[in-house]
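Enquirer: What follows is run_6.cif, mmCIF, N, CA and C atoms.
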```
data_protein
#
loop_
_atom_site.label_atom_id
_atom_site.label_comp_id
_atom_site.auth_asym_id
_atom_site.auth_seq_id
_atom_site.Cartn_x
_atom_site.Cartn_y
_atom_site.Cartn_z
N GLN A 1 -10.61 -15.72 5.30
CA GLN A 1 -10.94 -14.39 4.78
C GLN A 1 -9.98 -14.07 3.63
N LEU A 2 -10.54 -13.74 2.49
CA LEU A 2 -9.73 -13.40 1.32
C LEU A 2 -9.11 -12.03 1.51
N VAL A 3 -7.82 -11.95 1.32
CA VAL A 3 -7.08 -10.70 1.44
C VAL A 3 -6.36 -10.44 0.12
N LEU A 4 -6.43 -9.19 -0.34
CA LEU A 4 -5.81 -8.80 -1.59
C LEU A 4 -4.70 -7.77 -1.32
N MET A 5 -3.59 -7.94 -1.99
CA MET A 5 -2.46 -7.02 -1.80
C MET A 5 -1.93 -6.59 -3.16
N GLU A 6 -2.00 -5.28 -3.42
CA GLU A 6 -1.48 -4.74 -4.66
C GLU A 6 -0.02 -4.33 -4.51
N SER A 7 0.68 -4.32 -5.64
CA SER A 7 2.05 -3.81 -5.67
C SER A 7 2.35 -3.33 -7.09
N GLY A 8 3.41 -2.54 -7.20
CA GLY A 8 3.86 -2.11 -8.52
C GLY A 8 3.55 -0.68 -8.87
N GLY A 9 2.82 0.01 -8.01
CA GLY A 9 2.54 1.41 -8.30
C GLY A 9 3.78 2.26 -8.15
N GLY A 10 3.66 3.51 -8.57
CA GLY A 10 4.79 4.42 -8.47
C GLY A 10 4.60 5.62 -9.36
N SER A 11 5.68 6.32 -9.57
CA SER A 11 5.66 7.52 -10.40
C SER A 11 6.35 7.23 -11.73
N VAL A 12 5.77 7.74 -12.79
CA VAL A 12 6.31 7.52 -14.12
C VAL A 12 6.01 8.74 -14.98
N GLN A 13 6.83 8.96 -15.95
CA GLN A 13 6.59 10.08 -16.85
C GLN A 13 5.57 9.68 -17.92
N SER A 14 4.94 10.69 -18.46
CA SER A 14 3.97 10.47 -19.51
C SER A 14 4.58 9.66 -20.66
N GLY A 15 3.85 8.69 -21.10
CA GLY A 15 4.35 7.79 -22.14
C GLY A 15 5.02 6.54 -21.60
N GLY A 16 5.23 6.51 -20.30
CA GLY A 16 5.90 5.39 -19.67
C GLY A 16 4.96 4.22 -19.40
N SER A 17 5.52 3.21 -18.74
CA SER A 17 4.79 1.98 -18.46
C SER A 17 4.94 1.57 -17.00
N LEU A 18 3.97 0.84 -16.52
CA LEU A 18 4.02 0.25 -15.19
C LEU A 18 3.36 -1.12 -15.24
N ASN A 19 3.76 -1.97 -14.32
CA ASN A 19 3.16 -3.29 -14.21
C ASN A 19 2.67 -3.49 -12.78
N LEU A 20 1.38 -3.60 -12.61
CA LEU A 20 0.80 -3.80 -11.29
C LEU A 20 0.54 -5.29 -11.07
N SER A 21 0.61 -5.68 -9.81
CA SER A 21 0.29 -7.05 -9.42
C SER A 21 -0.68 -7.03 -8.25
N CYS A 22 -1.47 -8.08 -8.16
CA CYS A 22 -2.38 -8.25 -7.04
C CYS A 22 -2.34 -9.71 -6.64
N VAL A 23 -1.97 -9.95 -5.39
CA VAL A 23 -1.89 -11.31 -4.88
C VAL A 23 -3.02 -11.54 -3.89
N ALA A 24 -3.72 -12.63 -4.06
CA ALA A 24 -4.80 -13.00 -3.15
C ALA A 24 -4.31 -14.07 -2.18
N SER A 25 -4.73 -13.95 -0.94
CA SER A 25 -4.35 -14.95 0.06
C SER A 25 -5.51 -15.18 1.01
N GLY A 26 -5.42 -16.26 1.78
CA GLY A 26 -6.42 -16.52 2.80
C GLY A 26 -7.65 -17.27 2.31
N TYR A 27 -7.64 -17.71 1.06
CA TYR A 27 -8.78 -18.44 0.50
C TYR A 27 -8.26 -19.61 -0.31
N PRO A 28 -8.62 -20.82 0.04
CA PRO A 28 -7.98 -21.98 -0.58
C PRO A 28 -8.56 -22.41 -1.92
N TYR A 29 -9.65 -21.82 -2.36
CA TYR A 29 -10.31 -22.25 -3.59
C TYR A 29 -10.12 -21.22 -4.69
N GLY A 30 -10.63 -21.52 -5.85
CA GLY A 30 -10.49 -20.61 -6.98
C GLY A 30 -11.29 -19.33 -6.79
N ILE A 31 -10.79 -18.28 -7.39
CA ILE A 31 -11.43 -16.97 -7.31
C ILE A 31 -12.08 -16.70 -8.66
N GLU A 32 -13.39 -16.53 -8.68
CA GLU A 32 -14.12 -16.45 -9.94
C GLU A 32 -13.77 -15.19 -10.74
N CYS A 33 -13.70 -14.09 -10.07
CA CYS A 33 -13.52 -12.83 -10.79
C CYS A 33 -12.56 -11.94 -10.04
N MET A 34 -11.62 -11.37 -10.77
CA MET A 34 -10.70 -10.38 -10.20
C MET A 34 -10.73 -9.14 -11.10
N GLY A 35 -10.55 -8.01 -10.48
CA GLY A 35 -10.64 -6.78 -11.28
C GLY A 35 -9.75 -5.67 -10.75
N TRP A 36 -9.53 -4.71 -11.62
CA TRP A 36 -8.80 -3.49 -11.27
C TRP A 36 -9.75 -2.30 -11.39
N PHE A 37 -9.73 -1.47 -10.39
CA PHE A 37 -10.48 -0.23 -10.40
C PHE A 37 -9.52 0.90 -10.02
N ARG A 38 -9.91 2.11 -10.34
CA ARG A 38 -9.08 3.24 -9.96
C ARG A 38 -9.95 4.40 -9.55
N GLN A 39 -9.36 5.26 -8.74
CA GLN A 39 -10.07 6.46 -8.31
C GLN A 39 -9.08 7.60 -8.21
N ALA A 40 -9.36 8.62 -8.98
CA ALA A 40 -8.55 9.83 -8.96
C ALA A 40 -9.17 10.83 -8.00
N PRO A 41 -8.39 11.75 -7.48
CA PRO A 41 -8.92 12.74 -6.55
C PRO A 41 -10.10 13.49 -7.14
N GLY A 42 -11.18 13.53 -6.39
CA GLY A 42 -12.35 14.26 -6.82
C GLY A 42 -13.19 13.58 -7.88
N LYS A 43 -12.82 12.36 -8.23
CA LYS A 43 -13.57 11.64 -9.26
C LYS A 43 -14.17 10.35 -8.69
N GLU A 44 -15.14 9.83 -9.39
CA GLU A 44 -15.75 8.58 -8.97
C GLU A 44 -14.86 7.39 -9.34
N ARG A 45 -15.09 6.31 -8.65
CA ARG A 45 -14.37 5.08 -8.94
C ARG A 45 -14.66 4.65 -10.38
N GLU A 46 -13.64 4.19 -11.05
CA GLU A 46 -13.75 3.79 -12.45
C GLU A 46 -13.24 2.36 -12.62
N GLY A 47 -13.97 1.58 -13.39
CA GLY A 47 -13.53 0.23 -13.67
C GLY A 47 -12.46 0.22 -14.74
N VAL A 48 -11.40 -0.51 -14.50
CA VAL A 48 -10.28 -0.56 -15.44
C VAL A 48 -10.31 -1.86 -16.23
N ALA A 49 -10.36 -2.97 -15.53
CA ALA A 49 -10.39 -4.27 -16.21
C ALA A 49 -10.82 -5.34 -15.23
N ALA A 50 -11.50 -6.35 -15.75
CA ALA A 50 -11.88 -7.50 -14.95
C ALA A 50 -11.54 -8.76 -15.72
N ILE A 51 -11.10 -9.77 -15.00
CA ILE A 51 -10.73 -11.03 -15.65
C ILE A 51 -11.31 -12.19 -14.87
N ALA A 52 -12.04 -13.02 -15.57
CA ALA A 52 -12.66 -14.18 -14.95
C ALA A 52 -11.66 -15.33 -14.82
N ARG A 53 -12.04 -16.32 -14.05
CA ARG A 53 -11.14 -17.43 -13.84
C ARG A 53 -10.86 -18.18 -15.14
N ASP A 54 -11.83 -18.16 -16.05
CA ASP A 54 -11.62 -18.84 -17.33
C ASP A 54 -10.88 -17.98 -18.35
N GLY A 55 -10.49 -16.77 -17.94
CA GLY A 55 -9.67 -15.92 -18.80
C GLY A 55 -10.42 -14.86 -19.57
N ARG A 56 -11.74 -14.86 -19.50
CA ARG A 56 -12.48 -13.81 -20.18
C ARG A 56 -12.17 -12.47 -19.53
N ILE A 57 -12.03 -11.45 -20.38
CA ILE A 57 -11.61 -10.12 -19.92
C ILE A 57 -12.62 -9.07 -20.35
N ASP A 58 -12.85 -8.15 -19.46
CA ASP A 58 -13.69 -6.98 -19.75
C ASP A 58 -12.87 -5.75 -19.40
N TYR A 59 -12.60 -4.91 -20.40
CA TYR A 59 -11.83 -3.69 -20.18
C TYR A 59 -12.75 -2.48 -20.04
N GLY A 60 -12.30 -1.54 -19.23
CA GLY A 60 -13.00 -0.28 -19.13
C GLY A 60 -12.89 0.50 -20.42
N ASP A 61 -13.84 1.38 -20.66
CA ASP A 61 -13.92 2.08 -21.93
C ASP A 61 -12.76 3.04 -22.14
N SER A 62 -12.23 3.59 -21.08
CA SER A 62 -11.20 4.63 -21.24
C SER A 62 -9.79 4.07 -21.34
N VAL A 63 -9.63 2.76 -21.15
CA VAL A 63 -8.28 2.23 -21.09
C VAL A 63 -7.99 1.15 -22.12
N GLU A 64 -9.03 0.66 -22.78
CA GLU A 64 -8.81 -0.46 -23.68
C GLU A 64 -7.82 -0.09 -24.76
N GLY A 65 -6.89 -1.00 -24.99
CA GLY A 65 -5.86 -0.77 -25.99
C GLY A 65 -4.54 -0.35 -25.38
N ARG A 66 -4.58 0.19 -24.17
CA ARG A 66 -3.35 0.63 -23.52
C ARG A 66 -2.98 -0.26 -22.35
N LEU A 67 -3.92 -1.03 -21.87
CA LEU A 67 -3.67 -1.89 -20.72
C LEU A 67 -3.88 -3.34 -21.11
N SER A 68 -3.17 -4.21 -20.41
CA SER A 68 -3.31 -5.63 -20.63
C SER A 68 -3.37 -6.33 -19.28
N VAL A 69 -4.44 -7.05 -19.04
CA VAL A 69 -4.61 -7.72 -17.76
C VAL A 69 -4.48 -9.23 -17.97
N SER A 70 -3.93 -9.91 -16.98
CA SER A 70 -3.78 -11.36 -17.02
C SER A 70 -3.82 -11.88 -15.59
N ARG A 71 -3.92 -13.19 -15.46
CA ARG A 71 -3.92 -13.77 -14.12
C ARG A 71 -3.30 -15.16 -14.16
N ASP A 72 -2.76 -15.53 -13.03
CA ASP A 72 -2.20 -16.87 -12.83
C ASP A 72 -3.05 -17.50 -11.72
N ASN A 73 -3.96 -18.37 -12.10
CA ASN A 73 -4.89 -18.94 -11.12
C ASN A 73 -4.16 -19.76 -10.05
N ALA A 74 -3.13 -20.45 -10.45
CA ALA A 74 -2.40 -21.27 -9.47
C ALA A 74 -1.74 -20.41 -8.40
N LYS A 75 -1.27 -19.24 -8.80
CA LYS A 75 -0.62 -18.32 -7.86
C LYS A 75 -1.60 -17.34 -7.25
N LYS A 76 -2.86 -17.40 -7.69
CA LYS A 76 -3.88 -16.46 -7.22
C LYS A 76 -3.38 -15.02 -7.37
N THR A 77 -2.83 -14.74 -8.52
CA THR A 77 -2.23 -13.44 -8.78
C THR A 77 -2.78 -12.87 -10.09
N MET A 78 -3.07 -11.58 -10.06
CA MET A 78 -3.53 -10.87 -11.25
C MET A 78 -2.50 -9.79 -11.58
N TYR A 79 -2.31 -9.58 -12.87
CA TYR A 79 -1.33 -8.60 -13.32
C TYR A 79 -2.00 -7.59 -14.25
N MET A 80 -1.43 -6.42 -14.31
CA MET A 80 -1.88 -5.45 -15.30
C MET A 80 -0.67 -4.67 -15.82
N GLN A 81 -0.45 -4.79 -17.10
CA GLN A 81 0.59 -4.04 -17.78
C GLN A 81 -0.03 -2.78 -18.35
N MET A 82 0.49 -1.65 -17.95
CA MET A 82 -0.05 -0.37 -18.40
C MET A 82 0.99 0.34 -19.26
N ASN A 83 0.62 0.68 -20.47
CA ASN A 83 1.54 1.31 -21.42
C ASN A 83 1.03 2.68 -21.84
N ASN A 84 1.95 3.48 -22.33
CA ASN A 84 1.61 4.80 -22.85
C ASN A 84 0.75 5.59 -21.86
N LEU A 85 1.22 5.64 -20.64
CA LEU A 85 0.46 6.29 -19.58
C LEU A 85 0.43 7.80 -19.78
N ASN A 86 -0.65 8.40 -19.35
CA ASN A 86 -0.76 9.86 -19.39
C ASN A 86 -1.31 10.35 -18.06
N SER A 87 -1.39 11.66 -17.91
CA SER A 87 -1.78 12.24 -16.63
C SER A 87 -3.17 11.81 -16.19
N GLU A 88 -4.03 11.47 -17.15
CA GLU A 88 -5.38 11.03 -16.81
C GLU A 88 -5.38 9.67 -16.11
N ASP A 89 -4.26 8.96 -16.17
CA ASP A 89 -4.17 7.66 -15.51
C ASP A 89 -3.73 7.78 -14.06
N THR A 90 -3.41 8.98 -13.62
CA THR A 90 -3.03 9.19 -12.23
C THR A 90 -4.21 8.90 -11.31
N ALA A 91 -4.01 7.97 -10.39
CA ALA A 91 -5.09 7.54 -9.51
C ALA A 91 -4.55 6.52 -8.52
N VAL A 92 -5.38 6.19 -7.55
CA VAL A 92 -5.11 5.02 -6.72
C VAL A 92 -5.78 3.83 -7.41
N TYR A 93 -5.00 2.79 -7.62
CA TYR A 93 -5.50 1.59 -8.30
C TYR A 93 -5.79 0.51 -7.27
N TYR A 94 -6.98 -0.01 -7.33
CA TYR A 94 -7.43 -1.02 -6.38
C TYR A 94 -7.65 -2.36 -7.07
N CYS A 95 -7.25 -3.40 -6.40
CA CYS A 95 -7.55 -4.76 -6.81
C CYS A 95 -8.83 -5.19 -6.11
N ALA A 96 -9.68 -5.90 -6.83
CA ALA A 96 -10.92 -6.38 -6.25
C ALA A 96 -11.17 -7.81 -6.69
N ALA A 97 -11.97 -8.52 -5.91
CA ALA A 97 -12.26 -9.92 -6.24
C ALA A 97 -13.65 -10.29 -5.76
N ASP A 98 -14.22 -11.26 -6.45
CA ASP A 98 -15.49 -11.81 -6.01
C ASP A 98 -15.50 -13.30 -6.27
N LEU A 99 -16.20 -14.03 -5.43
CA LEU A 99 -16.18 -15.48 -5.49
C LEU A 99 -17.40 -16.07 -6.19
N ARG A 100 -18.36 -15.25 -6.53
CA ARG A 100 -19.60 -15.75 -7.10
C ARG A 100 -19.46 -16.03 -8.59
N LEU A 101 -20.20 -17.03 -9.04
CA LEU A 101 -20.32 -17.26 -10.47
C LEU A 101 -21.20 -16.17 -11.08
N GLY A 102 -20.91 -15.81 -12.29
CA GLY A 102 -21.72 -14.79 -12.94
C GLY A 102 -20.86 -13.87 -13.77
N PRO A 103 -21.44 -12.81 -14.30
CA PRO A 103 -20.66 -11.88 -15.13
C PRO A 103 -19.48 -11.31 -14.36
N CYS A 104 -18.35 -11.26 -15.02
CA CYS A 104 -17.13 -10.67 -14.44
C CYS A 104 -16.87 -9.41 -15.26
N THR A 105 -17.29 -8.29 -14.72
CA THR A 105 -17.31 -7.07 -15.52
C THR A 105 -17.01 -5.85 -14.69
N VAL A 106 -16.49 -4.81 -15.36
CA VAL A 106 -16.31 -3.51 -14.71
C VAL A 106 -17.40 -2.53 -15.11
N HIS A 107 -18.38 -3.04 -15.85
CA HIS A 107 -19.44 -2.18 -16.37
C HIS A 107 -20.74 -2.28 -15.59
N ALA A 108 -20.65 -2.64 -14.32
CA ALA A 108 -21.85 -2.60 -13.48
C ALA A 108 -22.36 -1.16 -13.38
N ARG A 109 -23.61 -1.03 -13.05
CA ARG A 109 -24.20 0.31 -12.97
C ARG A 109 -23.41 1.19 -12.00
N ILE A 110 -23.02 0.63 -10.89
CA ILE A 110 -22.10 1.30 -9.97
C ILE A 110 -20.80 0.50 -10.04
N PRO A 111 -19.78 1.02 -10.69
CA PRO A 111 -18.54 0.25 -10.89
C PRO A 111 -17.99 -0.31 -9.60
N GLY A 112 -17.79 -1.61 -9.58
CA GLY A 112 -17.23 -2.26 -8.40
C GLY A 112 -18.25 -2.74 -7.40
N SER A 113 -19.51 -2.46 -7.62
CA SER A 113 -20.54 -2.81 -6.64
C SER A 113 -20.72 -4.32 -6.52
N ASP A 114 -20.28 -5.06 -7.54
CA ASP A 114 -20.44 -6.50 -7.50
C ASP A 114 -19.17 -7.23 -7.09
N PHE A 115 -18.23 -6.48 -6.52
CA PHE A 115 -17.02 -7.09 -5.97
C PHE A 115 -17.04 -6.96 -4.46
N LYS A 116 -16.81 -8.09 -3.79
CA LYS A 116 -16.92 -8.10 -2.33
C LYS A 116 -15.61 -7.77 -1.63
N TYR A 117 -14.48 -8.18 -2.23
CA TYR A 117 -13.19 -8.05 -1.56
C TYR A 117 -12.33 -7.00 -2.26
N TRP A 118 -11.64 -6.19 -1.46
CA TRP A 118 -10.85 -5.08 -1.99
C TRP A 118 -9.49 -5.00 -1.33
N GLY A 119 -8.50 -4.62 -2.12
CA GLY A 119 -7.19 -4.34 -1.56
C GLY A 119 -7.11 -2.91 -1.05
N GLN A 120 -5.96 -2.56 -0.53
CA GLN A 120 -5.75 -1.23 0.05
C GLN A 120 -5.45 -0.18 -1.01
N GLY A 121 -5.05 -0.61 -2.17
CA GLY A 121 -4.77 0.32 -3.25
C GLY A 121 -3.29 0.63 -3.38
N THR A 122 -2.91 0.99 -4.59
CA THR A 122 -1.53 1.42 -4.86
C THR A 122 -1.58 2.67 -5.74
N GLN A 123 -0.77 3.65 -5.39
CA GLN A 123 -0.80 4.93 -6.10
C GLN A 123 0.00 4.86 -7.39
N VAL A 124 -0.62 5.38 -8.45
CA VAL A 124 0.07 5.56 -9.73
C VAL A 124 0.02 7.04 -10.06
N THR A 125 1.18 7.60 -10.27
CA THR A 125 1.28 9.02 -10.60
C THR A 125 2.02 9.18 -11.91
N VAL A 126 1.37 9.85 -12.86
CA VAL A 126 1.97 10.08 -14.17
C VAL A 126 2.21 11.57 -14.33
N SER A 127 3.45 11.92 -14.55
CA SER A 127 3.81 13.33 -14.70
C SER A 127 4.16 13.62 -16.15
N SER A 128 3.81 14.84 -16.55
CA SER A 128 4.07 15.23 -17.95
C SER A 128 5.44 15.86 -18.10
#
```
Give the structure from the file, written as structure tokens.
Expert:
Amino acid sequence: QLVLMESGGGSVQSGGSLNLSCVASGYPYGIECMGWFRQAPGKEREGVAAIARDGRIDYGDSVEGRLSVSRDNAKKTMYMQMNNLNSEDTAVYYCAADLRLGPCTVHARIPGSDFKYWGQGTQVTVSS
């Protein structure tokens, strides 16, 4: 059973930076697609970024240019560097993964609906 564990969340002032990590365990083969999603209180889940095993990246519309996602396939770990954070970035950030071949995207009609495995989430709070 594939298990995902996020780390790196916390509190930061507006304009600051954070680096999130997601480690996958319990699955001995390659993971086709990994992604970051977030959900703020009272809002719907939003896709942040997805990265395929071959390195192709799809960024969410509201974050492109401020975030950078990468992955280390050998370590089954995904990273996200977040810069110039603002209060709108306050949310619980979830790591997600899927094993199927196909588009690796955060732009599904229902964001995240094509990801089977999810982490518990890590809180990011940005204060002004």
Enquirer: Convert the output of the PyMOL selection byres ((chain A and resi 124) around 8) on the shown file into explicit residues, formatted as a list of chain:residue names.
Expert: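 Written out, the selection comes to A:Gly8, A:Gly9, A:Gly10, A:Ser11, A:Val12, A:Asp89, A:Thr90, A:Ala91, A:Val92, A:Tyr93, A:Gly121, A:Thr122, A:Gln123, A:Thr125, A:Val126, A:Ser127.
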Enquirer: Those same residues - N, CA and C atoms - I'd like them written as a PDB file, in the coordinates of the input.
Expert:
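And here's part.pdb as it stands now:
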```pdb
ATOM      1  N   GLY A   8       3.410  -2.540  -7.200  1.00  0.00           N
ATOM      2  CA  GLY A   8       3.860  -2.110  -8.520  1.00  0.00           C
ATOM      3  C   GLY A   8       3.550  -0.680  -8.870  1.00  0.00           C
ATOM      4  N   GLY A   9       2.820   0.010  -8.010  1.00  0.00           N
ATOM      5  CA  GLY A   9       2.540   1.410  -8.300  1.00  0.00           C
ATOM      6  C   GLY A   9       3.780   2.260  -8.150  1.00  0.00           C
ATOM      7  N   GLY A  10       3.660   3.510  -8.570  1.00  0.00           N
ATOM      8  CA  GLY A  10       4.790   4.420  -8.470  1.00  0.00           C
ATOM      9  C   GLY A  10       4.600   5.620  -9.360  1.00  0.00           C
ATOM     10  N   SER A  11       5.680   6.320  -9.570  1.00  0.00           N
ATOM     11  CA  SER A  11       5.660   7.520 -10.400  1.00  0.00           C
ATOM     12  C   SER A  11       6.350   7.230 -11.730  1.00  0.00           C
ATOM     13  N   VAL A  12       5.770   7.740 -12.790  1.00  0.00           N
ATOM     14  CA  VAL A  12       6.310   7.520 -14.120  1.00  0.00           C
ATOM     15  C   VAL A  12       6.010   8.740 -14.980  1.00  0.00           C
ATOM     16  N   ASP A  89      -4.260   8.960 -16.170  1.00  0.00           N
ATOM     17  CA  ASP A  89      -4.170   7.660 -15.510  1.00  0.00           C
ATOM     18  C   ASP A  89      -3.730   7.780 -14.060  1.00  0.00           C
ATOM     19  N   THR A  90      -3.410   8.980 -13.620  1.00  0.00           N
ATOM     20  CA  THR A  90      -3.030   9.190 -12.230  1.00  0.00           C
ATOM     21  C   THR A  90      -4.210   8.900 -11.310  1.00  0.00           C
ATOM     22  N   ALA A  91      -4.010   7.970 -10.390  1.00  0.00           N
ATOM     23  CA  ALA A  91      -5.090   7.540  -9.510  1.00  0.00           C
ATOM     24  C   ALA A  91      -4.550   6.520  -8.520  1.00  0.00           C
ATOM     25  N   VAL A  92      -5.380   6.190  -7.550  1.00  0.00           N
ATOM     26  CA  VAL A  92      -5.110   5.020  -6.720  1.00  0.00           C
ATOM     27  C   VAL A  92      -5.780   3.830  -7.410  1.00  0.00           C
ATOM     28  N   TYR A  93      -5.000   2.790  -7.620  1.00  0.00           N
ATOM     29  CA  TYR A  93      -5.500   1.590  -8.300  1.00  0.00           C
ATOM     30  C   TYR A  93      -5.790   0.510  -7.270  1.00  0.00           C
ATOM     31  N   GLY A 121      -5.050  -0.610  -2.170  1.00  0.00           N
ATOM     32  CA  GLY A 121      -4.770   0.320  -3.250  1.00  0.00           C
ATOM     33  C   GLY A 121      -3.290   0.630  -3.380  1.00  0.00           C
ATOM     34  N   THR A 122      -2.910   0.990  -4.590  1.00  0.00           N
ATOM     35  CA  THR A 122      -1.530   1.420  -4.860  1.00  0.00           C
ATOM     36  C   THR A 122      -1.580   2.670  -5.740  1.00  0.00           C
ATOM     37  N   GLN A 123      -0.770   3.650  -5.390  1.00  0.00           N
ATOM     38  CA  GLN A 123      -0.800   4.930  -6.100  1.00  0.00           C
ATOM     39  C   GLN A 123       0.000   4.860  -7.390  1.00  0.00           C
ATOM     40  N   THR A 125       1.180   7.600 -10.270  1.00  0.00           N
ATOM     41  CA  THR A 125       1.280   9.020 -10.600  1.00  0.00           C
ATOM     42  C   THR A 125       2.020   9.180 -11.910  1.00  0.00           C
ATOM     43  N   VAL A 126       1.370   9.850 -12.860  1.00  0.00           N
ATOM     44  CA  VAL A 126       1.970  10.080 -14.170  1.00  0.00           C
ATOM     45  C   VAL A 126       2.210  11.570 -14.330  1.00  0.00           C
ATOM     46  N   SER A 127       3.450  11.920 -14.550  1.00  0.00           N
ATOM     47  CA  SER A 127       3.810  13.330 -14.700  1.00  0.00           C
ATOM     48  C   SER A 127       4.160  13.620 -16.150  1.00  0.00           C
TER      49      SER A 127
END
```
Enquirer: Run the PyMOL selection byres (((chain A and resi 59 and name CA) around 8) and name CA) on the file and write out the hits as an MDAnalysis selection string.
Expert: chainID A and resid 47:50 57:58 60:61 63:64 105:106
Enquirer: Tell me, as a VMD selection string, which residues lie within 10 Å of range 26-31 of chain A, counting only C-alpha atoms; anything in the same chain fewer than 2 positions away does not count.
Expert: chain A and resid 1 to 4 24 33 to 34 52 to 53 73 to 74 76 to 77 97 to 101
Enquirer: Take the selection from the previous step and output its residues with N, CA and C atoms, as a PDB file, in the coordinates of the input.
Expert:
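Below is the file part.pdb, written as the result:
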```pdb
ATOM      1  N   GLN A   1     -10.610 -15.720   5.300  1.00  0.00           N
ATOM      2  CA  GLN A   1     -10.940 -14.390   4.780  1.00  0.00           C
ATOM      3  C   GLN A   1      -9.980 -14.070   3.630  1.00  0.00           C
ATOM      4  N   LEU A   2     -10.540 -13.740   2.490  1.00  0.00           N
ATOM      5  CA  LEU A   2      -9.730 -13.400   1.320  1.00  0.00           C
ATOM      6  C   LEU A   2      -9.110 -12.030   1.510  1.00  0.00           C
ATOM      7  N   VAL A   3      -7.820 -11.950   1.320  1.00  0.00           N
ATOM      8  CA  VAL A   3      -7.080 -10.700   1.440  1.00  0.00           C
ATOM      9  C   VAL A   3      -6.360 -10.440   0.120  1.00  0.00           C
ATOM     10  N   LEU A   4      -6.430  -9.190  -0.340  1.00  0.00           N
ATOM     11  CA  LEU A   4      -5.810  -8.800  -1.590  1.00  0.00           C
ATOM     12  C   LEU A   4      -4.700  -7.770  -1.320  1.00  0.00           C
ATOM     13  N   ALA A  24      -3.720 -12.630  -4.060  1.00  0.00           N
ATOM     14  CA  ALA A  24      -4.800 -13.000  -3.150  1.00  0.00           C
ATOM     15  C   ALA A  24      -4.310 -14.070  -2.180  1.00  0.00           C
ATOM     16  N   CYS A  33     -13.700 -14.090 -10.070  1.00  0.00           N
ATOM     17  CA  CYS A  33     -13.520 -12.830 -10.790  1.00  0.00           C
ATOM     18  C   CYS A  33     -12.560 -11.940 -10.040  1.00  0.00           C
ATOM     19  N   MET A  34     -11.620 -11.370 -10.770  1.00  0.00           N
ATOM     20  CA  MET A  34     -10.700 -10.380 -10.200  1.00  0.00           C
ATOM     21  C   MET A  34     -10.730  -9.140 -11.100  1.00  0.00           C
ATOM     22  N   ALA A  52     -12.040 -13.020 -15.570  1.00  0.00           N
ATOM     23  CA  ALA A  52     -12.660 -14.180 -14.950  1.00  0.00           C
ATOM     24  C   ALA A  52     -11.660 -15.330 -14.820  1.00  0.00           C
ATOM     25  N   ARG A  53     -12.040 -16.320 -14.050  1.00  0.00           N
ATOM     26  CA  ARG A  53     -11.140 -17.430 -13.840  1.00  0.00           C
ATOM     27  C   ARG A  53     -10.860 -18.180 -15.140  1.00  0.00           C
ATOM     28  N   ASN A  73      -3.960 -18.370 -12.100  1.00  0.00           N
ATOM     29  CA  ASN A  73      -4.890 -18.940 -11.120  1.00  0.00           C
ATOM     30  C   ASN A  73      -4.160 -19.760 -10.050  1.00  0.00           C
ATOM     31  N   ALA A  74      -3.130 -20.450 -10.450  1.00  0.00           N
ATOM     32  CA  ALA A  74      -2.400 -21.270  -9.470  1.00  0.00           C
ATOM     33  C   ALA A  74      -1.740 -20.410  -8.400  1.00  0.00           C
ATOM     34  N   LYS A  76      -2.860 -17.400  -7.690  1.00  0.00           N
ATOM     35  CA  LYS A  76      -3.880 -16.460  -7.220  1.00  0.00           C
ATOM     36  C   LYS A  76      -3.380 -15.020  -7.370  1.00  0.00           C
ATOM     37  N   THR A  77      -2.830 -14.740  -8.520  1.00  0.00           N
ATOM     38  CA  THR A  77      -2.230 -13.440  -8.780  1.00  0.00           C
ATOM     39  C   THR A  77      -2.780 -12.870 -10.090  1.00  0.00           C
ATOM     40  N   ALA A  97     -11.970  -8.520  -5.910  1.00  0.00           N
ATOM     41  CA  ALA A  97     -12.260  -9.920  -6.240  1.00  0.00           C
ATOM     42  C   ALA A  97     -13.650 -10.290  -5.760  1.00  0.00           C
ATOM     43  N   ASP A  98     -14.220 -11.260  -6.450  1.00  0.00           N
ATOM     44  CA  ASP A  98     -15.490 -11.810  -6.010  1.00  0.00           C
ATOM     45  C   ASP A  98     -15.500 -13.300  -6.270  1.00  0.00           C
ATOM     46  N   LEU A  99     -16.200 -14.030  -5.430  1.00  0.00           N
ATOM     47  CA  LEU A  99     -16.180 -15.480  -5.490  1.00  0.00           C
ATOM     48  C   LEU A  99     -17.400 -16.070  -6.190  1.00  0.00           C
ATOM     49  N   ARG A 100     -18.360 -15.250  -6.530  1.00  0.00           N
ATOM     50  CA  ARG A 100     -19.600 -15.750  -7.100  1.00  0.00           C
ATOM     51  C   ARG A 100     -19.460 -16.030  -8.590  1.00  0.00           C
ATOM     52  N   LEU A 101     -20.200 -17.030  -9.040  1.00  0.00           N
ATOM     53  CA  LEU A 101     -20.320 -17.260 -10.470  1.00  0.00           C
ATOM     54  C   LEU A 101     -21.200 -16.170 -11.080  1.00  0.00           C
TER      55      LEU A 101
END
```
Enquirer: So how far away is CA of Ser17 in chain A from CA of His107 in chain A, in Å?
Expert: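 Computed distance, CA of His107 in chain A to CA of Ser17 in chain A, equals 24.7 Å.
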Enquirer: Fewer than 6 positions away in the same chain doesn't count, so skip those; otherwise give me all residues within 8 Å of Glu6 in chain A, counting only C-alpha atoms, as number ranges by chain.
Expert: A: 20-23, 94-95, 119-122
Enquirer: Taking (-3.4, -4.6, -16.2) in the file's coordinates, which residues come within 5 Å, counting only N, CA and C atoms, written as a PyMOL selection string?
Expert: chain A and resi 68-69+79-81
Enquirer: Can you work out the spacing between CA of Met78 in chain A and CA of Ser7 in chain A in Å, to one decimal?
Expert: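 CA of Met78 in chain A sits 10.6 Å away from CA of Ser7 in chain A.
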Enquirer: What is the distance, in Å and to one decimal place, between atom N of Gly112 in chain A and CA of Ser87 in chain A?
Expert: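 Straight-line distance from atom N of Gly112 in chain A to CA of Ser87 in chain A works out to 22.3 Å.
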Enquirer: List the neighbours of Asn86 in chain A out to 7 Å using all atoms listed in the file; skip same-chain residues closer than 5 positions along the sequence, and give me the result as a VMD selection string.
Expert: chain A and resid 13 to 16 126 to 128
Enquirer: Select from range 60-118 of chain A everything DSSP, run on the backbone, classes as strand (DSSP E or B), then give the selection as an NGL selection string.
Expert: :A and (64 or 67-72 or 77-82 or 91-98 or 117-118)
